[in-house]
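Student: Input file: data-v1.cif. Contents: mmCIF, C-alpha atoms.
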data_my_file
#
loop_
_atom_site.label_atom_id
_atom_site.label_comp_id
_atom_site.auth_asym_id
_atom_site.auth_seq_id
_atom_site.Cartn_x
_atom_site.Cartn_y
_atom_site.Cartn_z
CA MET A 288 0.00 0.00 0.00
CA ALA A 289 1.36 3.41 -0.96
CA LEU A 290 2.48 5.80 1.79
CA GLN A 291 -0.07 8.48 0.85
CA VAL A 292 -2.92 5.97 1.18
CA LEU A 293 -1.63 4.65 4.51
CA LEU A 294 -1.25 8.15 5.99
CA PHE A 295 -4.64 9.22 4.60
CA LEU A 296 -6.37 6.26 6.28
CA LEU A 297 -4.52 6.93 9.57
CA PHE A 298 -5.18 10.68 9.72
CA GLY A 299 -8.68 10.38 8.18
CA ALA A 300 -9.79 7.88 10.83
CA GLY A 301 -8.13 10.08 13.45
CA ALA A 302 -9.96 13.18 12.20
CA ILE A 303 -13.36 11.47 12.24
CA GLY A 304 -12.72 9.96 15.69
CA THR A 305 -11.54 13.22 17.25
CA ALA A 306 -14.40 15.20 15.65
CA LEU A 307 -16.89 12.72 17.16
CA ALA A 308 -15.14 13.09 20.52
CA VAL A 309 -15.45 16.90 20.31
CA ILE A 310 -19.23 16.83 19.87
CA SER A 311 -19.83 14.03 22.39
CA ARG A 312 -17.77 15.10 25.45
CA ARG A 313 -19.77 16.46 28.36
CA ASN A 314 -17.03 18.72 29.70
CA PRO A 315 -16.16 21.66 27.38
CA VAL A 316 -12.48 21.47 28.41
CA ALA A 317 -12.31 17.84 27.20
CA SER A 318 -14.00 18.93 23.94
CA ALA A 319 -11.42 21.70 23.51
CA LEU A 320 -8.52 19.27 23.96
CA TRP A 321 -10.03 16.84 21.42
CA MET A 322 -10.42 19.83 19.13
CA VAL A 323 -6.64 20.39 19.29
CA ALA A 324 -6.12 16.72 18.31
CA TYR A 325 -8.62 17.23 15.44
CA PHE A 326 -6.65 20.20 14.09
CA LEU A 327 -3.38 18.23 14.32
CA THR A 328 -4.80 15.26 12.37
CA LEU A 329 -6.05 17.69 9.70
CA ALA A 330 -2.51 19.10 9.44
CA GLY A 331 -1.45 15.51 8.66
CA ILE A 332 -4.15 15.28 5.95
CA TYR A 333 -2.80 18.49 4.37
CA LEU A 334 0.70 16.97 4.37
CA THR A 335 -0.56 13.94 2.40
CA LEU A 336 -1.76 16.53 -0.16
CA GLN A 337 1.73 18.15 -0.29
CA ALA A 338 0.35 21.39 1.19
CA GLN A 339 3.18 22.19 3.63
CA PHE A 340 2.36 25.85 4.19
CA ILE A 341 -1.30 25.17 4.98
CA ALA A 342 -0.29 22.31 7.35
CA VAL A 343 2.03 24.60 9.31
CA ILE A 344 -0.39 27.52 9.64
CA GLN A 345 -3.11 25.01 10.58
CA VAL A 346 -1.03 24.05 13.64
CA LEU A 347 0.04 27.64 14.37
CA ILE A 348 -3.32 29.42 13.98
CA TYR A 349 -5.92 26.78 14.84
CA ALA A 350 -4.21 24.48 17.34
CA GLY A 351 -2.20 27.39 18.72
CA ALA A 352 -4.11 30.67 18.68
CA ILE A 353 -7.81 29.83 18.29
CA MET A 354 -7.86 26.93 20.77
CA VAL A 355 -5.98 28.95 23.40
CA LEU A 356 -8.74 31.57 23.04
CA MET A 357 -11.44 28.88 23.45
CA VAL A 358 -9.83 27.31 26.52
CA PHE A 359 -9.28 30.78 27.97
CA VAL A 360 -12.99 31.64 27.64
CA ILE A 361 -14.05 28.25 29.10
CA MET A 362 -11.84 28.88 32.14
CA LEU A 363 -13.14 32.47 32.42
CA LEU A 364 -16.78 31.37 32.44
CA ASN A 365 -16.30 28.99 35.38
CA LEU A 366 -19.19 26.71 34.42
CA GLY A 367 -19.03 24.91 37.76
CA ASN A 368 -19.00 21.27 38.75
CA PRO A 369 -18.58 18.92 35.74
CA GLU A 370 -21.17 16.64 37.38
CA GLN A 371 -23.80 19.31 36.80
CA LEU A 372 -22.87 19.79 33.14
CA ARG A 373 -24.91 16.72 32.14
CA GLU A 374 -27.07 17.49 29.16
CA ARG A 375 -30.63 16.25 29.25
CA PHE A 376 -31.39 13.46 26.79
CA ASN A 377 -33.25 14.79 23.82
CA PRO A 378 -34.89 12.84 20.97
CA ARG A 379 -33.41 15.34 18.50
CA VAL A 380 -30.01 13.67 19.10
CA VAL A 381 -31.26 10.48 17.45
CA LEU A 382 -32.94 12.40 14.62
CA ALA A 383 -29.89 14.59 13.90
CA THR A 384 -27.52 11.59 13.92
CA ALA A 385 -29.80 9.58 11.60
CA LEU A 386 -30.14 12.50 9.16
CA GLY A 387 -26.38 13.08 9.25
CA ALA A 388 -25.65 9.42 8.52
CA LEU A 389 -28.17 9.54 5.65
CA LEU A 390 -26.45 12.61 4.17
CA VAL A 391 -23.01 10.94 4.27
CA LEU A 392 -24.48 7.81 2.70
CA GLN A 393 -26.03 9.84 -0.13
CA LEU A 394 -22.70 11.56 -0.80
CA LEU A 395 -20.90 8.18 -0.77
CA VAL A 396 -23.32 6.84 -3.38
CA TYR A 397 -22.89 10.01 -5.45
CA PHE A 398 -19.08 9.92 -5.38
CA VAL A 399 -18.95 6.21 -6.23
CA SER A 400 -21.49 6.47 -9.06
CA ARG A 401 -20.07 9.63 -10.66
CA PRO A 402 -16.25 9.69 -10.34
CA THR A 403 -14.57 13.06 -10.92
CA GLY A 404 -11.81 11.45 -12.98
CA PHE A 405 -8.98 12.96 -10.90
CA ARG A 406 -7.16 9.82 -9.85
CA GLN A 407 -3.80 11.12 -8.63
CA LEU A 408 -2.11 14.24 -7.28
CA SER A 409 -1.15 16.79 -9.90
CA PRO A 410 2.64 16.74 -10.65
CA GLU A 411 2.49 20.47 -9.77
CA ALA A 412 1.21 19.75 -6.24
CA ALA A 413 4.60 19.69 -4.46
CA ARG A 414 5.56 23.07 -5.95
CA LEU A 415 2.17 24.67 -5.16
CA GLY A 416 2.23 23.92 -1.44
CA THR A 417 5.34 25.93 -0.59
CA THR A 418 5.34 29.29 1.19
CA GLU A 419 7.08 30.82 -1.84
CA ALA A 420 4.35 29.80 -4.30
CA ILE A 421 1.50 30.94 -2.03
CA GLY A 422 3.25 34.17 -1.00
CA SER A 423 4.05 35.25 -4.55
CA VAL A 424 0.41 34.86 -5.64
CA LEU A 425 -1.01 36.30 -2.40
CA PHE A 426 0.96 39.55 -2.67
CA THR A 427 0.35 40.09 -6.38
CA ASP A 428 -2.95 38.81 -7.81
CA TYR A 429 -4.71 38.51 -4.46
CA LEU A 430 -3.39 41.66 -2.77
CA PHE A 431 -6.82 43.30 -2.53
CA PRO A 432 -8.52 40.32 -0.78
CA PHE A 433 -5.49 40.15 1.52
CA GLU A 434 -5.95 43.79 2.55
CA ALA A 435 -9.71 43.28 2.88
CA VAL A 436 -9.08 40.37 5.28
CA SER A 437 -6.75 42.53 7.38
CA LEU A 438 -9.56 45.09 7.65
CA LEU A 439 -11.98 42.30 8.66
CA LEU A 440 -9.59 41.14 11.40
CA LEU A 441 -9.22 44.71 12.68
CA SER A 442 -13.00 45.18 12.87
CA ALA A 443 -13.32 41.76 14.59
CA VAL A 444 -10.79 42.81 17.24
CA VAL A 445 -12.61 46.10 17.87
CA GLY A 446 -15.98 44.29 17.92
CA ALA A 447 -14.73 41.64 20.35
CA VAL A 448 -13.36 44.28 22.74
CA ILE A 449 -16.62 46.25 22.67
CA LEU A 450 -18.76 43.11 23.15
CA ALA A 451 -16.67 41.80 26.04
CA LYS A 452 -16.42 45.13 27.83
CA ARG A 453 -18.51 45.50 30.97
CA LYS A 454 -19.65 49.06 30.38
CA LEU A 455 -19.36 50.95 27.14
CA GLU A 456 -18.84 54.41 28.59
CA GLY A 457 -15.67 55.31 30.47
CA MET B 145 -5.20 1.96 -10.85
CA HIS B 146 -6.42 0.42 -7.62
CA TRP B 147 -7.20 2.75 -4.74
CA THR B 148 -4.62 1.17 -2.42
CA GLN B 149 -1.89 2.47 -4.75
CA GLN B 150 -3.30 5.86 -5.67
CA LEU B 151 -6.07 7.76 -3.87
CA PRO B 152 -8.76 9.30 -6.09
CA LEU B 153 -10.03 12.83 -5.31
CA GLU B 154 -13.30 11.34 -4.04
CA ALA B 155 -11.55 9.90 -0.96
CA TYR B 156 -10.75 13.41 0.28
CA LEU B 157 -14.16 14.77 -0.70
CA LEU B 158 -15.87 11.99 1.25
CA LEU B 159 -13.69 12.65 4.32
CA SER B 160 -14.56 16.35 4.02
CA ALA B 161 -18.29 15.59 3.74
CA THR B 162 -18.18 13.25 6.74
CA LEU B 163 -16.40 15.80 8.92
CA PHE B 164 -18.80 18.55 7.80
CA THR B 165 -21.77 16.36 8.74
CA ILE B 166 -20.27 15.67 12.17
CA GLY B 167 -20.03 19.44 12.63
CA VAL B 168 -23.68 19.91 11.60
CA VAL B 169 -24.81 17.20 14.03
CA GLY B 170 -22.76 18.90 16.77
CA VAL B 171 -24.53 22.23 16.17
CA LEU B 172 -27.93 20.51 16.17
CA VAL B 173 -27.58 18.36 19.30
CA ARG B 174 -25.43 20.36 21.71
CA ARG B 175 -26.75 23.07 24.06
CA ASN B 176 -23.45 24.54 25.20
CA ALA B 177 -22.72 27.64 23.09
CA ILE B 178 -18.94 27.09 23.25
CA ILE B 179 -19.25 23.55 21.88
CA ILE B 180 -21.56 24.89 19.15
CA LEU B 181 -18.77 27.34 18.19
CA MET B 182 -16.31 24.41 18.12
CA SER B 183 -18.68 22.47 15.83
CA ILE B 184 -18.69 25.47 13.47
CA GLU B 185 -14.87 25.30 13.45
CA ILE B 186 -15.14 21.57 12.60
CA MET B 187 -17.29 22.48 9.59
CA LEU B 188 -14.92 25.25 8.41
CA ASN B 189 -11.99 22.83 8.63
CA ALA B 190 -13.93 20.14 6.74
CA VAL B 191 -14.39 22.60 3.86
CA ASN B 192 -10.67 23.41 4.00
CA VAL B 193 -9.88 19.71 3.40
CA ALA B 194 -11.98 19.77 0.21
CA LEU B 195 -10.34 23.03 -0.95
CA VAL B 196 -6.78 21.76 -0.42
CA ALA B 197 -7.68 18.43 -2.11
CA PHE B 198 -9.05 20.25 -5.20
CA SER B 199 -5.95 22.46 -5.26
CA ALA B 200 -3.55 19.51 -5.13
CA TYR B 201 -5.45 17.34 -7.64
CA LEU B 202 -6.19 20.07 -10.18
CA GLY B 203 -2.74 21.66 -9.90
CA THR B 204 -4.06 25.16 -9.18
CA ILE B 205 -3.10 27.32 -6.20
CA GLU B 206 -6.42 29.14 -5.69
CA GLY B 207 -7.77 26.45 -3.33
CA GLN B 208 -4.91 26.91 -0.89
CA LEU B 209 -5.26 30.70 -1.03
CA LEU B 210 -8.94 30.35 -0.20
CA VAL B 211 -7.99 28.16 2.80
CA PHE B 212 -5.73 30.98 3.98
CA PHE B 213 -8.65 33.42 3.83
CA VAL B 214 -11.02 30.92 5.48
CA MET B 215 -8.56 30.65 8.39
CA ALA B 216 -8.47 34.44 8.78
CA VAL B 217 -12.28 34.62 8.75
CA ALA B 218 -12.47 31.70 11.22
CA ALA B 219 -10.13 33.56 13.60
CA ALA B 220 -12.34 36.66 13.39
CA GLU B 221 -15.47 34.52 13.88
CA ALA B 222 -14.00 32.78 16.94
CA ALA B 223 -13.00 36.09 18.54
CA VAL B 224 -16.42 37.72 18.02
CA GLY B 225 -18.35 34.52 18.85
CA LEU B 226 -16.53 34.01 22.13
CA ALA B 227 -17.01 37.68 23.03
CA ILE B 228 -20.77 37.20 22.46
CA VAL B 229 -20.76 34.07 24.68
CA LEU B 230 -18.89 36.04 27.36
CA ALA B 231 -21.39 38.93 27.19
CA LEU B 232 -24.31 36.45 27.29
CA PHE B 233 -22.89 34.69 30.35
CA ARG B 234 -22.49 38.04 32.08
CA THR B 235 -26.14 39.04 31.58
CA GLN B 236 -27.91 35.63 31.61
CA GLN B 237 -25.57 33.51 33.80
CA THR B 238 -25.84 30.64 31.31
CA VAL B 239 -24.20 29.41 28.09
CA TYR B 240 -26.94 26.89 27.29
CA VAL B 241 -28.64 28.05 24.13
CA ASP B 242 -32.09 26.69 25.01
CA GLU B 243 -32.16 28.82 28.15
CA ILE B 244 -31.48 31.96 26.15
CA ASN B 245 -34.94 32.60 24.71
CA LEU B 246 -35.45 36.35 25.00
CA MET B 247 -36.01 36.74 21.25
CA LYS B 248 -38.02 33.54 20.83
CA TRP B 249 -41.60 34.05 19.66
#
Let's see the structure in the file written out as C-alpha cells.
Tutor:
Amino acid sequence: MALQVLLFLLFGAGAIGTALAVISRRNPVASALWMVAYFLTLAGIYLTLQAQFIAVIQVLIYAGAIMVLMVFVIMLLNLGNPEQLRERFNPRVVLATALGALLVLQLLVYFVSRPTGFRQLSPEAARLGTTEAIGSVLFTDYLFPFEAVSLLLLSAVVGAVILAKRKLEG
Amino acid sequence: MHWTQQLPLEAYLLLSATLFTIGVVGVLVRRNAIIILMSIEIMLNAVNVALVAFSAYLGTIEGQLLVFFVMAVAAAEAAVGLAIVLALFRTQQTVYVDEINLMKW
C-alpha cells in the first residue's frame, strides 16, 4: 500500500474519531482538547496533499491561537462542577444523527457512481504547497482580498473588545 | 489503478463531507454555546480539506489561497463569537442556548 494511502487512512480515521469526541464530550475542556487533536490530524491530511504551508499555519493558527482563546474563555466562564454539566437526553439527538448518517451515505453513493476522474495528485502539487508559491500569488494577484481580510480582522478585534467590555462608557 | 496504490479525489471529498456532517450534528444536538462554536470550526476545517484536495489534484493554487482566507475569517469569527458568549454569560448567567430565549416568539 502506498504511503499516501496509509497516511490518509490513519489521519482520516483520526480526524473522524476526534471530531466525534469533540461533539460528544460532556465537559467543554475535554472537547477543547479533542479539538486540538482534530486540528493536528487535519494538518497531517494536508501533508498527504503536499500542502506544507497550509499544514504549518493550521497548527500555528488553529491548534495554537484559536484553541488557546477557546480554553481561555471556558476557564473564564467557570461553568461549575462537571457533574452538573450533564445534558438532558433529547430525541433530536437520534434524529440529527440519523439525518447526518443519511447525508453521508447519499454523498458516498454520489461519489462512487459519478467519479470526478482525478485519480492522482497533480505533478504540480509539491511546488504549489510551498510558502514561496502561495506568497508570490497572495501579494500580487490577491493583494486586494489580503488587505480586505486585514480590515476584517481589525474590525473583529474592535468588535470583540466592545462586546466583552462590561460598560461601554468610560 | 487500484485505490490502495493511488487515492482518487473522491476519498478526500468523502472525508470532508463526513467531517462537515459531524459538525452539523454537533450544532444541532449540543446546548453549550462554546461547543456549538467548536462544531462550526469543525465544519470550516472540513471545507478546507476539500479546498486543499481540489488544489492539489487540479494543480491550481487558488484552493490553498482560499484556505488561507477561510482561516483568517475563522479567527475573526471565533473572537467575536466568544465575546458574544462572554457577554451572554455576564447578563444571563448561562451558556446553554435553550435557556437563552429572549427573542423567541
Student: Mind listing as a list in words all residues within 6 Å of (-27.1, 16.6, 16.2), counting all atoms listed in the file?
Tutor: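 These residues have at least one counted atom within 6 Å: Val380, Ala383 and Thr384 of chain A; Val169, Gly170, Leu172 and Val173 of chain B.
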Student: Written as a list in words, which residues does the PyMOL selection byres ((chain B and resi 175) around 6) give for the file shown?
Tutor: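 When the PyMOL selection byres ((chain B and resi 175) around 6) is applied, the selected residues are Arg174, Asn176, Tyr240 and Val241 of chain B.
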Student: Distance limit 7 Å, atoms considered: only C-alpha atoms. Which chain A residues sit that close to chain B? Return them as an NGL selection string.
Tutor: :A and (288-289 or 292 or 299 or 303 or 306-307 or 310 or 315 or 336 or 353 or 360 or 379-380 or 383-384 or 387 or 391 or 395 or 398 or 405-409 or 411-412 or 415 or 421 or 436 or 440 or 443 or 446-447 or 450-451)
Student: Of the candidates A:Ser318, A:Gln393, A:Gln339, A:Thr328, which one gets nearest to Phe298 in chain A if we count only C-alpha atoms?
Tutor: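 Ranking A:Ser318, A:Gln393, A:Gln339, A:Thr328 by distance to Phe298 in chain A, first place goes to A:Thr328.
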Student: CA of Thr403 in chain A and CA of Gln337 in chain A are how many Å apart?
Tutor: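 Computing it gives 20.1 Å between the two atoms.
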Student: Can you tell me, as a PyMOL selection string, what residues are no more than 10 Å from Leu320 in chain A when counting only C-alpha atoms, ignoring any on the same chain fewer than 3 positions away?
Tutor: chain A and resi 305+308-309+315-317+323-325+350+354+358
Student: Please indicate the distance in Å from CA of Gly422 in chain A to CA of Gln291 in chain A, rounded to one decimal place.
Tutor: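 Rounded to one decimal, the two atoms are 26.0 Å apart.
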